[in-house]
Structures are given as C-alpha cells and as structure tokens.
file entry-v6.pdb (PDB, C-alpha atoms)
ATOM      1  CA  MET X   1     134.500  30.936 150.450
ATOM      2  CA  TYR X   2     131.743  32.715 152.355
ATOM      3  CA  GLU X   3     130.520  31.779 155.812
ATOM      4  CA  LEU X   4     127.462  33.056 157.595
ATOM      5  CA  THR X   5     125.945  32.310 160.961
ATOM      6  CA  VAL X   6     122.457  32.715 162.395
ATOM      7  CA  LYS X   7     121.538  32.349 166.037
ATOM      8  CA  SER X   8     118.316  31.247 167.712
ATOM      9  CA  GLU X   9     117.220  29.647 170.962
ATOM     10  CA  PHE X  10     114.851  27.244 172.653
ATOM     11  CA  GLU X  11     114.043  26.203 176.205
ATOM     12  CA  ALA X  12     113.938  22.595 177.305
ATOM     13  CA  ALA X  13     114.477  20.291 180.260
ATOM     14  CA  HIS X  14     116.538  17.130 180.489
ATOM     15  CA  PHE X  15     118.699  14.987 182.698
ATOM     16  CA  ILE X  16     121.793  12.960 181.904
ATOM     17  CA  LYS X  17     121.297   9.338 182.882
ATOM     18  CA  ASP X  18     124.234   7.875 184.862
ATOM     19  CA  TYR X  19     125.986  11.251 185.102
ATOM     20  CA  PRO X  20     128.035  11.426 188.345
ATOM     21  CA  GLY X  21     126.762  14.808 189.522
ATOM     22  CA  LYS X  22     123.984  17.395 189.479
ATOM     23  CA  CYS X  23     123.166  16.897 185.795
ATOM     24  CA  ALA X  24     121.698  13.495 186.679
ATOM     25  CA  ARG X  25     118.756  15.423 188.135
ATOM     26  CA  LEU X  26     116.020  16.996 186.039
ATOM     27  CA  HIS X  27     116.946  20.560 185.081
ATOM     28  CA  GLY X  28     116.430  23.004 182.231
ATOM     29  CA  HIS X  29     118.408  25.264 179.955
ATOM     30  CA  ASN X  30     117.850  28.235 177.714
ATOM     31  CA  TRP X  31     119.746  26.686 174.809
ATOM     32  CA  ILE X  32     121.346  29.034 172.263
ATOM     33  CA  VAL X  33     121.982  27.528 168.824
ATOM     34  CA  GLU X  34     124.155  28.864 166.014
ATOM     35  CA  ALA X  35     123.903  27.439 162.508
ATOM     36  CA  VAL X  36     126.904  28.003 160.226
ATOM     37  CA  ALA X  37     126.644  27.788 156.439
ATOM     38  CA  GLN X  38     129.426  28.059 153.865
ATOM     39  CA  GLY X  39     129.526  28.350 150.131
ATOM     40  CA  THR X  40     131.294  29.867 147.171
ATOM     41  CA  GLN X  41     128.456  31.003 144.906
ATOM     42  CA  LEU X  42     126.485  34.168 145.611
ATOM     43  CA  ASN X  43     123.071  34.657 144.043
ATOM     44  CA  GLU X  44     122.148  37.509 141.703
ATOM     45  CA  LEU X  45     121.704  39.808 144.735
ATOM     46  CA  GLY X  46     125.181  38.983 146.050
ATOM     47  CA  ILE X  47     123.826  36.773 148.856
ATOM     48  CA  LEU X  48     125.053  33.300 149.793
ATOM     49  CA  ILE X  49     121.854  32.398 151.628
ATOM     50  CA  ASP X  50     119.296  34.795 153.052
ATOM     51  CA  PHE X  51     119.749  35.158 156.825
ATOM     52  CA  LYS X  52     115.964  35.229 157.208
ATOM     53  CA  ILE X  53     115.518  31.942 155.339
ATOM     54  CA  LEU X  54     118.292  30.152 157.237
ATOM     55  CA  LYS X  55     116.948  31.353 160.584
ATOM     56  CA  SER X  56     113.424  30.298 159.629
ATOM     57  CA  GLU X  57     114.621  26.785 158.762
ATOM     58  CA  LEU X  58     116.617  26.599 162.010
ATOM     59  CA  ASN X  59     113.555  27.697 163.978
ATOM     60  CA  LYS X  60     111.458  24.931 162.393
ATOM     61  CA  VAL X  61     113.914  22.399 163.813
ATOM     62  CA  LEU X  62     114.134  24.101 167.205
ATOM     63  CA  ASP X  63     110.344  24.419 167.512
ATOM     64  CA  GLU X  64     110.218  20.619 167.834
ATOM     65  CA  LEU X  65     112.498  20.874 170.903
ATOM     66  CA  ASP X  66     111.130  24.033 172.505
ATOM     67  CA  HIS X  67     109.526  23.554 175.923
ATOM     68  CA  GLN X  68     110.026  19.805 175.755
ATOM     69  CA  TYR X  69     111.285  17.269 178.241
ATOM     70  CA  LEU X  70     114.050  16.034 175.954
ATOM     71  CA  ASN X  71     114.459  12.620 177.583
ATOM     72  CA  GLU X  72     110.904  11.750 176.511
ATOM     73  CA  LEU X  73     111.451  12.507 172.811
ATOM     74  CA  GLU X  74     111.795   9.525 170.493
ATOM     75  CA  ILE X  75     115.282  10.604 169.325
ATOM     76  CA  PHE X  76     116.562  10.368 172.913
ATOM     77  CA  LYS X  77     114.984   7.058 173.914
ATOM     78  CA  THR X  78     118.311   5.257 173.404
ATOM     79  CA  LYS X  79     120.831   8.034 174.098
ATOM     80  CA  ASN X  80     121.274  10.892 176.521
ATOM     81  CA  PRO X  81     120.090  14.351 175.432
ATOM     82  CA  THR X  82     123.521  15.880 175.918
ATOM     83  CA  ALA X  83     124.593  19.087 174.181
ATOM     84  CA  GLU X  84     126.728  16.914 171.896
ATOM     85  CA  ASN X  85     123.811  14.689 170.868
ATOM     86  CA  LEU X  86     121.507  17.693 170.485
ATOM     87  CA  ALA X  87     124.012  19.433 168.203
ATOM     88  CA  LYS X  88     124.210  16.401 165.905
ATOM     89  CA  GLU X  89     120.426  15.930 165.813
ATOM     90  CA  ILE X  90     119.885  19.602 164.970
ATOM     91  CA  PHE X  91     122.597  19.424 162.298
ATOM     92  CA  ASP X  92     121.111  16.321 160.700
ATOM     93  CA  LYS X  93     117.602  17.776 160.531
ATOM     94  CA  LEU X  94     118.651  21.224 159.347
ATOM     95  CA  SER X  95     121.133  19.970 156.750
ATOM     96  CA  ALA X  96     118.305  18.008 155.095
ATOM     97  CA  SER X  97     116.522  21.275 154.273
ATOM     98  CA  GLU X  98     116.019  22.159 150.625
ATOM     99  CA  ILE X  99     117.802  25.485 151.200
ATOM    100  CA  PHE X 100     121.133  23.645 151.082
ATOM    101  CA  GLU X 101     121.793  22.918 147.455
ATOM    102  CA  GLY X 102     124.575  23.627 145.013
ATOM    103  CA  THR X 103     127.692  24.890 146.723
ATOM    104  CA  THR X 104     125.972  26.117 149.897
ATOM    105  CA  LYS X 105     126.272  23.652 152.781
ATOM    106  CA  LEU X 106     125.529  23.597 156.478
ATOM    107  CA  THR X 107     128.969  23.194 158.042
ATOM    108  CA  ALA X 108     128.414  23.371 161.805
ATOM    109  CA  ILE X 109     125.966  23.653 164.651
ATOM    110  CA  LYS X 110     127.102  25.294 167.864
ATOM    111  CA  ILE X 111     124.881  24.867 170.900
ATOM    112  CA  TYR X 112     125.290  26.733 174.173
ATOM    113  CA  GLU X 113     124.022  24.992 177.276
ATOM    114  CA  THR X 114     125.050  28.025 179.328
ATOM    115  CA  PRO X 115     126.534  31.359 178.239
ATOM    116  CA  LYS X 116     130.000  29.950 178.990
ATOM    117  CA  SER X 117     129.663  26.329 177.808
ATOM    118  CA  CYS X 118     129.049  25.165 174.264
ATOM    119  CA  VAL X 119     129.569  22.289 171.852
ATOM    120  CA  THR X 120     130.235  22.570 168.127
ATOM    121  CA  TYR X 121     129.294  19.715 165.819
ATOM    122  CA  TYR X 122     130.952  19.365 162.417
ATOM    123  CA  PRO X 123     130.013  16.457 160.118
ATOM    124  CA  ASP X 124     132.640  13.847 159.299
TER     125      ASP X 124
END

call {"tool": "encode", "arguments": {"input": "entry-v6.pdb", "output": "structure tokens"}}
result
Amino acid sequence: MYELTVKSEFEAAHFIKDYPGKCARLHGHNWIVEAVAQGTQLNELGILIDFKILKSELNKVLDELDHQYLNELEIFKTKNPTAENLAKEIFDKLSASEIFEGTTKLTAIKIYETPKSCVTYYPD
C-alpha cells in the first residue's frame, strides 16, 4: 500500500451559529488542507498518482472556497461551516474526481483552522 499527501490552502471567513464563544462572531482563517490518497498499483513510471495532478484537483475544489464568506455558500445554508463540515465537503467533491479510479482512492482530508488545530475526515 502506498500513501501520498499534498497540501494547499485557502482563505475564508465564517462564523459558527449558536457557538458559546468568540467563534460566534465573524472571523477568518488561513485554512491549510491536506489530501491523502492511497493505492496499491503504481503506473509505468512507478507513480501512484502524480503530486501535481492531485494538487491541481485539490486546488479546483479549494478555489470555490477561497476568499468566500462560507456561511453564505449554498452548501452551508443548513449547517455550520465548521472545520469538520468543511473537511467532509472537500472530501466529497475531491473524491468525485476522475483521477481516482482503479485501486487509487482518496482516503482522508485534513484541514487546519490554525497551525495547532485540525480535523481529519475519513469516509465511513
């Protein structure tokens, strides 16, 4: 089994409705996102999945979030834009990419809200 990780980032603002503290107020983050892929079959070059291709696909997903007020996005009309919910949304969109076929799968999304606080989402 091979595992590889790419990292990217985006900037966005949000607030957490009904949160009992500062996060209930509008604020922003420089979100750091790691996408983790696993697989067993290497291609003819000895590569599981090209880092450049995986990062490009991740950036397509993150570009939709970059410099946005997350609470106003359609996907967060009925739920809070928490790190947990963001991780799942990013996972769902990225895992639908055509780059994941055969034995190569997206296995996790890790999202850092701050350099010391992160959430990892794994599918069921």

call {"tool": "closest_residue", "arguments": {"input": "entry-v6.pdb", "among": "X:Leu26, X:Leu42, X:Ile16, X:Tyr121", "to": "Thr103 (chain X)", "atoms": "all atoms listed in the file"}}
result
X:Leu42

call {"tool": "resolve_selection", "arguments": {"input": "entry-v6.pdb", "expression": "the PyMOL selection byres ((chain X and resi 62-72) around 7)", "output": "ChimeraX atom specification"}}
result
/X:10-14,58-61,73-74,76-77,81

call {"tool": "write_last_selection", "arguments": {"input": "entry-v6.pdb", "atoms": "C-alpha atoms", "output": "PDB file, in the frame of the given file"}}
result
ATOM      1  CA  PHE X  10     114.851  27.244 172.653  1.00  0.00           C
ATOM      2  CA  GLU X  11     114.043  26.203 176.205  1.00  0.00           C
ATOM      3  CA  ALA X  12     113.938  22.595 177.305  1.00  0.00           C
ATOM      4  CA  ALA X  13     114.477  20.291 180.260  1.00  0.00           C
ATOM      5  CA  HIS X  14     116.538  17.130 180.489  1.00  0.00           C
ATOM      6  CA  LEU X  58     116.617  26.599 162.010  1.00  0.00           C
ATOM      7  CA  ASN X  59     113.555  27.697 163.978  1.00  0.00           C
ATOM      8  CA  LYS X  60     111.458  24.931 162.393  1.00  0.00           C
ATOM      9  CA  VAL X  61     113.914  22.399 163.813  1.00  0.00           C
ATOM     10  CA  LEU X  73     111.451  12.507 172.811  1.00  0.00           C
ATOM     11  CA  GLU X  74     111.795   9.525 170.493  1.00  0.00           C
ATOM     12  CA  PHE X  76     116.562  10.368 172.913  1.00  0.00           C
ATOM     13  CA  LYS X  77     114.984   7.058 173.914  1.00  0.00           C
ATOM     14  CA  PRO X  81     120.090  14.351 175.432  1.00  0.00           C
TER      15      PRO X  81
END

call {"tool": "closest_residue", "arguments": {"input": "entry-v6.pdb", "among": "X:Tyr2, X:Phe51, X:Tyr122, X:Phe15", "to": "Asp92 (chain X)", "atoms": "all atoms listed in the file"}}
result
X:Tyr122

call {"tool": "residues_near_point", "arguments": {"input": "entry-v6.pdb", "point": "(117.0, 34.7, 158.0)", "cutoff": "12 Å", "atoms": "only C-alpha atoms", "output": "list in words"}}
result
Leu4, Thr5, Val6, Lys7, Ser8, Ala35, Ala37, Ile47, Leu48, Ile49, Asp50, Phe51, Lys52, Ile53, Leu54, Lys55, Ser56, Glu57, Leu58, Asn59 and Ile99 of chain X

call {"tool": "resolve_selection", "arguments": {"input": "entry-v6.pdb", "expression": "the PyMOL selection byres ((chain X and resi 104) around 7)", "output": "compact mmCIF listing (two decimals) with C-alpha atoms, in the frame of the given file"}}
result
# COMPACT_ATOMS: atom_id res chain seq x y z
CA ALA X 37 126.64 27.79 156.44
CA GLN X 38 129.43 28.06 153.86
CA GLY X 39 129.53 28.35 150.13
CA PHE X 100 121.13 23.64 151.08
CA GLU X 101 121.79 22.92 147.46
CA GLY X 102 124.58 23.63 145.01
CA THR X 103 127.69 24.89 146.72
CA LYS X 105 126.27 23.65 152.78

call {"tool": "closest_residue", "arguments": {"input": "entry-v6.pdb", "among": "X:Asn80, X:His27, X:Ser95, X:Leu86", "to": "Cys118 (chain X)", "atoms": "only C-alpha atoms"}}
result
X:Leu86

call {"tool": "axis_aligned_box", "arguments": {"input": "entry-v6.pdb", "around": "region 109-118 of chain X", "padding_each_side": "8 Å", "output": "AutoDock Vina command-line options"}}
result
--center_x 127.0 --center_y 27.5 --center_z 172.0 --size_x 22.0 --size_y 23.7 --size_z 30.7

call {"tool": "atom_distance", "arguments": {"input": "entry-v6.pdb", "atom1": "CA of Ala24 (chain X)", "atom2": "CA of Thr120 (chain X)"}}
result
22.3 Å

call {"tool": "atom_distance", "arguments": {"input": "entry-v6.pdb", "atom1": "CA of Leu106 (chain X)", "atom2": "CA of Ala83 (chain X)"}}
result
18.3 Å

call {"tool": "atom_distance", "arguments": {"input": "entry-v6.pdb", "atom1": "CA of Pro115 (chain X)", "atom2": "CA of Tyr19 (chain X)"}}
result
21.3 Å

call {"tool": "residues_around", "arguments": {"input": "entry-v6.pdb", "residues": "Pro123 (chain X)", "least_positions_apart": "5", "cutoff": "10 Å", "atoms": "all atoms listed in the file", "output": "number ranges by chain"}}
result
X: 88, 91-92, 106-109

call {"tool": "closest_residue", "arguments": {"input": "entry-v6.pdb", "among": "X:Lys116, X:Lys79, X:Lys93, X:His29", "to": "Glu9 (chain X)", "atoms": "all atoms listed in the file"}}
result
X:His29

call {"tool": "closest_residue", "arguments": {"input": "entry-v6.pdb", "among": "X:Asn30, X:Thr78, X:Ile111, X:Gln41", "to": "Glu3 (chain X)", "atoms": "all atoms listed in the file"}}
result
X:Gln41

call {"tool": "closest_residue", "arguments": {"input": "entry-v6.pdb", "among": "X:Thr40, X:Glu113, X:Leu45, X:Lys22", "to": "Met1 (chain X)", "atoms": "all atoms listed in the file"}}
result
X:Thr40
